[in-house]
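One file, model-v2.cif, is given below (mmCIF, C-alpha atoms and all ligand atoms).
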```cif
data_entry
#
loop_
_atom_site.label_atom_id
_atom_site.label_comp_id
_atom_site.auth_asym_id
_atom_site.auth_seq_id
_atom_site.Cartn_x
_atom_site.Cartn_y
_atom_site.Cartn_z
CA MET A 1 0.00 0.00 0.00
CA GLN A 2 1.19 3.53 -0.72
CA ILE A 3 0.88 5.98 2.15
CA ILE A 4 1.68 9.67 2.16
CA PHE A 5 3.72 11.06 5.05
CA ALA A 6 2.79 14.73 5.35
CA THR A 7 6.35 15.91 5.91
CA GLN A 8 8.98 17.76 3.94
CA ASN A 9 11.72 16.44 6.21
CA PRO A 10 13.68 13.74 4.32
CA ASN A 11 15.28 12.47 7.56
CA LYS A 12 11.90 11.55 9.03
CA LEU A 13 11.01 9.73 5.83
CA VAL A 14 14.19 7.61 6.02
CA GLU A 15 13.48 6.95 9.72
CA ILE A 16 10.01 5.49 9.13
CA GLN A 17 10.88 3.70 5.90
CA ASN A 18 13.66 1.94 7.86
CA GLN A 19 11.21 0.87 10.55
CA ILE A 20 8.40 -0.13 8.22
CA GLY A 21 10.43 -2.27 5.77
CA ASP A 22 9.11 -2.86 2.26
CA GLN A 23 5.52 -3.76 3.19
CA HIS A 24 4.33 -0.21 2.52
CA GLU A 25 5.66 2.49 0.26
CA ILE A 26 5.90 5.82 2.03
CA LYS A 27 5.85 8.97 -0.11
CA SER A 28 6.75 12.38 1.26
CA LEU A 29 5.21 15.67 0.16
CA LEU A 30 8.40 16.46 -1.73
CA ASP A 31 7.97 13.18 -3.71
CA LEU A 32 4.53 14.50 -4.68
CA GLY A 33 5.84 17.93 -5.65
CA LEU A 34 4.29 19.79 -2.71
CA THR A 35 6.86 22.25 -1.33
CA GLU A 36 4.64 24.73 0.55
CA GLU A 37 4.91 24.56 4.34
CA LEU A 38 1.76 23.09 5.88
CA GLU A 39 -0.11 25.16 8.46
CA GLU A 40 0.25 24.22 12.14
CA THR A 41 -2.04 26.70 13.88
CA GLN A 42 -3.72 24.48 16.50
CA GLU A 43 -3.14 24.58 20.26
CA THR A 44 -2.20 20.91 20.68
CA LEU A 45 0.19 18.44 19.05
CA GLU A 46 -2.77 16.23 18.12
CA GLY A 47 -4.57 19.22 16.60
CA ASN A 48 -1.57 20.17 14.47
CA ALA A 49 -1.00 16.59 13.31
CA LEU A 50 -4.68 16.30 12.32
CA GLN A 51 -4.63 19.68 10.59
CA LYS A 52 -1.72 18.58 8.37
CA ALA A 53 -3.12 15.10 7.69
CA ARG A 54 -6.57 16.50 6.78
CA PHE A 55 -5.00 19.00 4.37
CA VAL A 56 -3.10 16.24 2.59
CA PHE A 57 -6.07 13.83 2.55
CA LYS A 58 -8.28 16.51 0.98
CA LYS A 59 -5.67 17.20 -1.70
CA PHE A 60 -4.66 13.63 -2.65
CA LYS A 61 -7.56 11.42 -1.41
CA GLN A 62 -5.06 8.79 -0.27
CA ALA A 63 -4.13 7.21 3.06
CA CYS A 64 -1.80 9.61 4.83
CA PHE A 65 -0.36 10.59 8.17
CA ALA A 66 1.30 13.59 9.80
CA ASP A 67 3.25 14.04 13.02
CA ASP A 68 3.88 16.80 15.53
CA THR A 69 6.33 16.69 18.42
CA GLY A 70 6.87 18.81 21.49
CA LEU A 71 9.22 18.90 24.47
CA GLU A 72 7.11 19.15 27.65
CA ILE A 73 8.96 20.36 30.75
CA GLU A 74 7.26 19.72 34.08
CA SER A 75 8.43 22.80 35.99
CA LEU A 76 7.58 25.06 33.02
CA ASN A 77 3.96 23.83 32.99
CA GLY A 78 4.48 21.77 29.85
CA GLU A 79 6.38 24.44 27.87
CA PRO A 80 7.70 24.64 25.19
CA GLY A 81 5.16 21.97 24.07
CA VAL A 82 3.41 22.92 20.87
CA PHE A 83 5.79 25.92 20.52
CA SER A 84 8.94 23.74 20.56
CA ALA A 85 10.14 24.66 17.06
CA ARG A 86 9.99 28.43 17.69
CA TYR A 87 10.37 28.72 21.49
CA GLY A 88 13.46 30.96 21.37
CA GLY A 89 12.15 33.15 18.53
CA PRO A 90 10.57 33.06 15.07
CA GLU A 91 13.89 32.16 13.39
CA LYS A 92 13.40 28.59 14.72
CA SER A 93 17.03 28.27 15.88
CA PHE A 94 17.92 25.11 17.82
CA GLU A 95 20.56 27.10 19.79
CA SER A 96 18.16 29.88 20.88
CA ASN A 97 15.50 27.32 21.78
CA MET A 98 17.92 25.37 24.01
CA ASN A 99 19.37 28.55 25.55
CA LEU A 100 15.91 29.75 26.56
CA VAL A 101 15.10 26.40 28.19
CA LEU A 102 18.42 26.38 30.09
CA ASP A 103 17.83 29.99 31.24
CA LYS A 104 14.29 29.29 32.42
CA LEU A 105 15.42 26.21 34.36
CA LYS A 106 18.30 27.96 36.16
CA GLY A 107 18.01 27.22 39.87
CA LYS A 108 15.06 24.84 39.44
CA GLN A 109 15.33 21.45 41.16
CA ASN A 110 12.75 19.67 39.05
CA ARG A 111 14.21 19.11 35.58
CA SER A 112 11.82 16.31 34.53
CA ALA A 113 10.66 16.50 30.94
CA GLN A 114 9.27 14.38 28.15
CA PHE A 115 9.19 14.41 24.40
CA ARG A 116 5.74 13.62 23.04
CA THR A 117 4.85 12.83 19.44
CA ALA A 118 1.31 12.70 18.08
CA ILE A 119 0.68 11.03 14.76
CA ALA A 120 -2.63 11.54 12.95
CA TYR A 121 -3.41 8.81 10.41
CA ILE A 122 -6.28 8.99 7.92
CA ASN A 123 -7.11 5.84 5.98
CA LYS A 124 -8.48 5.63 2.43
CA GLN A 125 -12.04 5.75 3.78
CA GLY A 126 -11.30 8.99 5.63
CA GLU A 127 -11.28 7.48 9.15
CA GLU A 128 -8.99 9.31 11.55
CA LEU A 129 -6.76 7.76 14.24
CA ILE A 130 -4.22 9.26 16.64
CA PHE A 131 -1.08 7.44 17.87
CA GLU A 132 1.13 8.80 20.65
CA GLY A 133 4.72 8.16 21.65
CA VAL A 134 6.33 9.48 24.84
CA CYS A 135 9.96 9.46 25.96
CA ARG A 136 10.51 10.57 29.55
CA GLY A 137 13.77 12.05 30.80
CA GLU A 138 15.40 15.17 32.17
CA ILE A 139 16.91 18.43 31.01
CA LEU A 140 20.69 18.57 31.55
CA GLU A 141 22.46 21.63 33.04
CA GLU A 142 24.31 22.19 29.76
CA LYS A 143 24.50 20.96 26.17
CA VAL A 144 26.25 17.62 25.70
CA GLY A 145 26.92 15.82 22.39
CA GLU A 146 26.97 16.77 18.74
CA LYS A 147 24.53 14.38 17.05
CA GLY A 148 20.82 14.72 16.33
CA PHE A 149 18.87 17.96 16.16
CA GLY A 150 16.57 20.24 18.11
CA TYR A 151 16.82 19.82 21.88
CA ASP A 152 18.87 16.57 21.69
CA PRO A 153 22.00 17.99 23.43
CA ILE A 154 20.05 18.99 26.58
CA PHE A 155 17.78 15.91 26.88
CA LYS A 156 18.82 12.73 28.72
CA PRO A 157 16.28 9.91 28.43
CA GLU A 158 15.29 8.06 31.62
CA GLY A 159 17.49 5.05 32.42
CA HIS A 160 20.32 6.21 30.15
CA LEU A 161 23.64 7.90 30.86
CA LYS A 162 23.92 9.72 27.54
CA SER A 163 22.07 12.67 26.05
CA PHE A 164 20.12 12.08 22.83
CA ALA A 165 22.89 14.00 21.05
CA GLU A 166 25.47 11.40 22.14
CA MET A 167 23.45 8.42 20.84
CA THR A 168 23.53 6.88 17.38
CA LEU A 169 20.38 7.42 15.37
CA ASN A 170 19.44 3.74 15.73
CA ALA A 171 19.87 3.78 19.51
CA LYS A 172 17.80 6.97 19.77
CA ASN A 173 15.03 5.65 17.50
CA GLU A 174 14.62 2.52 19.62
CA ILE A 175 13.51 4.59 22.63
CA SER A 176 12.38 7.87 21.12
CA HIS A 177 8.91 9.41 21.19
CA ARG A 178 8.75 9.40 17.38
CA GLY A 179 10.09 5.83 17.15
CA LEU A 180 7.39 4.64 19.57
CA ALA A 181 4.61 6.54 17.81
CA PHE A 182 5.79 5.17 14.45
CA SER A 183 5.80 1.62 15.93
CA LYS A 184 2.16 2.01 16.96
CA LEU A 185 1.20 3.22 13.49
CA ILE A 186 3.16 0.38 11.85
CA TYR A 187 1.47 -2.20 14.12
CA HIS A 188 -1.92 -0.78 13.17
CA LEU A 189 -1.07 -0.98 9.46
CA SER A 190 0.01 -4.62 9.85
CA LYS A 191 -3.35 -5.72 11.30
P1 LIG B 201 8.38 18.46 14.71
O1 LIG B 201 6.93 18.48 15.02
O2 LIG B 201 8.91 17.08 14.53
O3 LIG B 201 8.75 19.39 13.60
O4 LIG B 201 9.13 19.00 16.01
C1 LIG B 201 8.95 20.31 16.51
C2 LIG B 201 10.21 20.74 17.24
O5 LIG B 201 10.42 19.87 18.36
C3 LIG B 201 11.49 20.63 16.40
O6 LIG B 201 11.73 21.82 15.69
C4 LIG B 201 12.53 20.39 17.45
O7 LIG B 201 12.95 21.61 18.02
C5 LIG B 201 11.80 19.60 18.52
N1 LIG B 201 12.02 18.14 18.33
C6 LIG B 201 11.19 17.26 17.71
N2 LIG B 201 11.69 16.01 17.75
C7 LIG B 201 12.87 16.12 18.41
C8 LIG B 201 13.87 15.17 18.75
O8 LIG B 201 13.80 13.97 18.46
N3 LIG B 201 14.94 15.66 19.42
C9 LIG B 201 15.08 16.97 19.75
N4 LIG B 201 14.19 17.89 19.45
C10 LIG B 201 13.08 17.48 18.78
#
```
Here is the file; what I need is its structure written in the form of structure tokens.
Amino acid sequence: MQIIFATQNPNKLVEIQNQIGDQHEIKSLLDLGLTEELEETQETLEGNALQKARFVFKKFKQACFADDTGLEIESLNGEPGVFSARYGGPEKSFESNMNLVLDKLKGKQNRSAQFRTAIAYINKQGEELIFEGVCRGEILEEKVGEKGFGYDPIFKPEGHLKSFAEMTLNAKNEISHRGLAFSKLIYHLSK
């Protein structure tokens, strides 16, 4: 079956195609010639994922899914959450985003946090389903590691000694929010 992944991020496409094997063919928006950025104007991760998936379903009338991820920090009342991409400013810089988190957490004892991914899947009949993946952990005092992207250098997953930015992509995907949400979607597709 061919399924559209409503993303323009080629890394995410490789990630899920690796996990899913050759049972399904995943096409990205770039494969379909759609280069405009999709709107994410909702107040929740689920809402944004649905907004993107509905846009793509309306356009192509094919099974499709979209994802949205946020870093939720306990002592910041769940911030940056749905604003994760642009927390430090509209330029969407990973450095400014991390610096703002580190500044806001200065002197705070509770550094518990989680990454949460919501995936909205719409099948050929137009039925909508949401899958969620959570990775719990803590925010480090400073950036550690060079790999990955986003907040990886300041996030240490629970039960591990390394930050996400010190892990190989495979090791990260095995425990990550997005990896878990993808697994749930893949299990559903295999039924
Ligand atoms: P998106 O919904 O996947 O585009 O994620 C929104 C924002 O969350 C990104 O711009 C990153 O700042 C952050 N983010 C998402 N996934 C990860 C991750 O696996 N590691 C670190 N940061 C992430």
Q. Quick one: of A:Thr7, A:Asn99, A:Ser190, A:Thr41, who's nearest to Pro153 in chain A, counting only C-alpha atoms?
A. A:Asn99
Q: Find the residues near ligand LIG 201 (chain B). Use a cut-off of 7 Å, count all atoms listed in the file, and write them as an MDAnalysis selection string.
A: chainID A and resid 67:71 84:85 94 148:152 176 178
Q) Hey, which of A:Thr168, A:Glu128, A:His177, A:Leu140 ends up closest to Gln114 in chain A? Count all atoms listed in the file. A) A:His177
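Taking CA of Phe65 in chain A and CA of Leu50 in chain A as endpoints, the distance between them is 8.3 Å.
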Q | Pick from A:Tyr187, A:Phe5, A:Phe155, A:Phe182, whichever lies nearest to Met98 in chain A using all atoms listed in the file | A | A:Phe155
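Take CA of Asn170 in chain A and CA of Ala53 in chain A: the distance between them is 26.5 Å.
In this model, the gap between CA of Glu91 in chain A and CA of Glu36 in chain A comes to 17.5 Å.
Near Ile154 in chain A, within a cut-off of 9 Å and counting all atoms listed in the file, sit the residues Met98, Leu102, Glu138, Ile139, Leu140, Glu141, Glu142, Lys143, Val144, Gly145, Tyr151, Ser163, Phe164 and Ala165 of chain A, with same-chain residues fewer than 3 positions away left out.
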Could the centre and edge lengths of an axis-aligned box, enclosing all atoms of range 113-121 of chain A in the file with 6 Å extra on each side, be given in Å to one decimal as lines of an AutoDock Vina configuration file?
```
center_x = 3.6
center_y = 12.7
center_z = 20.7
size_x = 26.1
size_y = 19.7
size_z = 32.5
```
Q | Among listed residues A:Gly137, A:Gly126, A:Gly179, A:Gly107, nearest Arg54 in chain A (using only C-alpha atoms) | A | A:Gly126
Q: Skip Leu76 in chain A itself and residues of its chain fewer than 6 positions away, then list as a ChimeraX atom specification all residues within 10 Å of it, counting all atoms listed in the file.
A: /A:101,104-105,108,110-113
Just C-alpha atoms for this one: save the residues we selected as a short mmCIF file (atom, residue, chain, number, x, y, z; two decimals), in the coordinates of the input.
```cif
data_model
loop_
_atom_site.label_atom_id
_atom_site.label_comp_id
_atom_site.auth_asym_id
_atom_site.auth_seq_id
_atom_site.Cartn_x
_atom_site.Cartn_y
_atom_site.Cartn_z
CA VAL A 101 15.10 26.40 28.19
CA LYS A 104 14.29 29.29 32.42
CA LEU A 105 15.42 26.21 34.36
CA LYS A 108 15.06 24.84 39.44
CA ASN A 110 12.75 19.67 39.05
CA ARG A 111 14.21 19.11 35.58
CA SER A 112 11.82 16.31 34.53
CA ALA A 113 10.66 16.50 30.94
#
```
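Among A:Gln19, A:Ser75, A:Gln62, A:Gln42, the residue with the shortest atom-to-atom distance to Ala6 in chain A, counting only C-alpha atoms, is A:Gln62.
Closest to Glu37 in chain A among A:Lys52, A:Arg116, A:Lys162, A:His24 is A:Lys52, based on all atoms listed in the file.
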(Q) Set the distance at 9 Å and use only C-alpha atoms: which residues neighbour range 9-15 of chain A once local chain neighbours fewer than 5 positions away are removed? I'd like the list as a PyMOL selection string. (A) chain A and resi 20+26-30+169+173+179
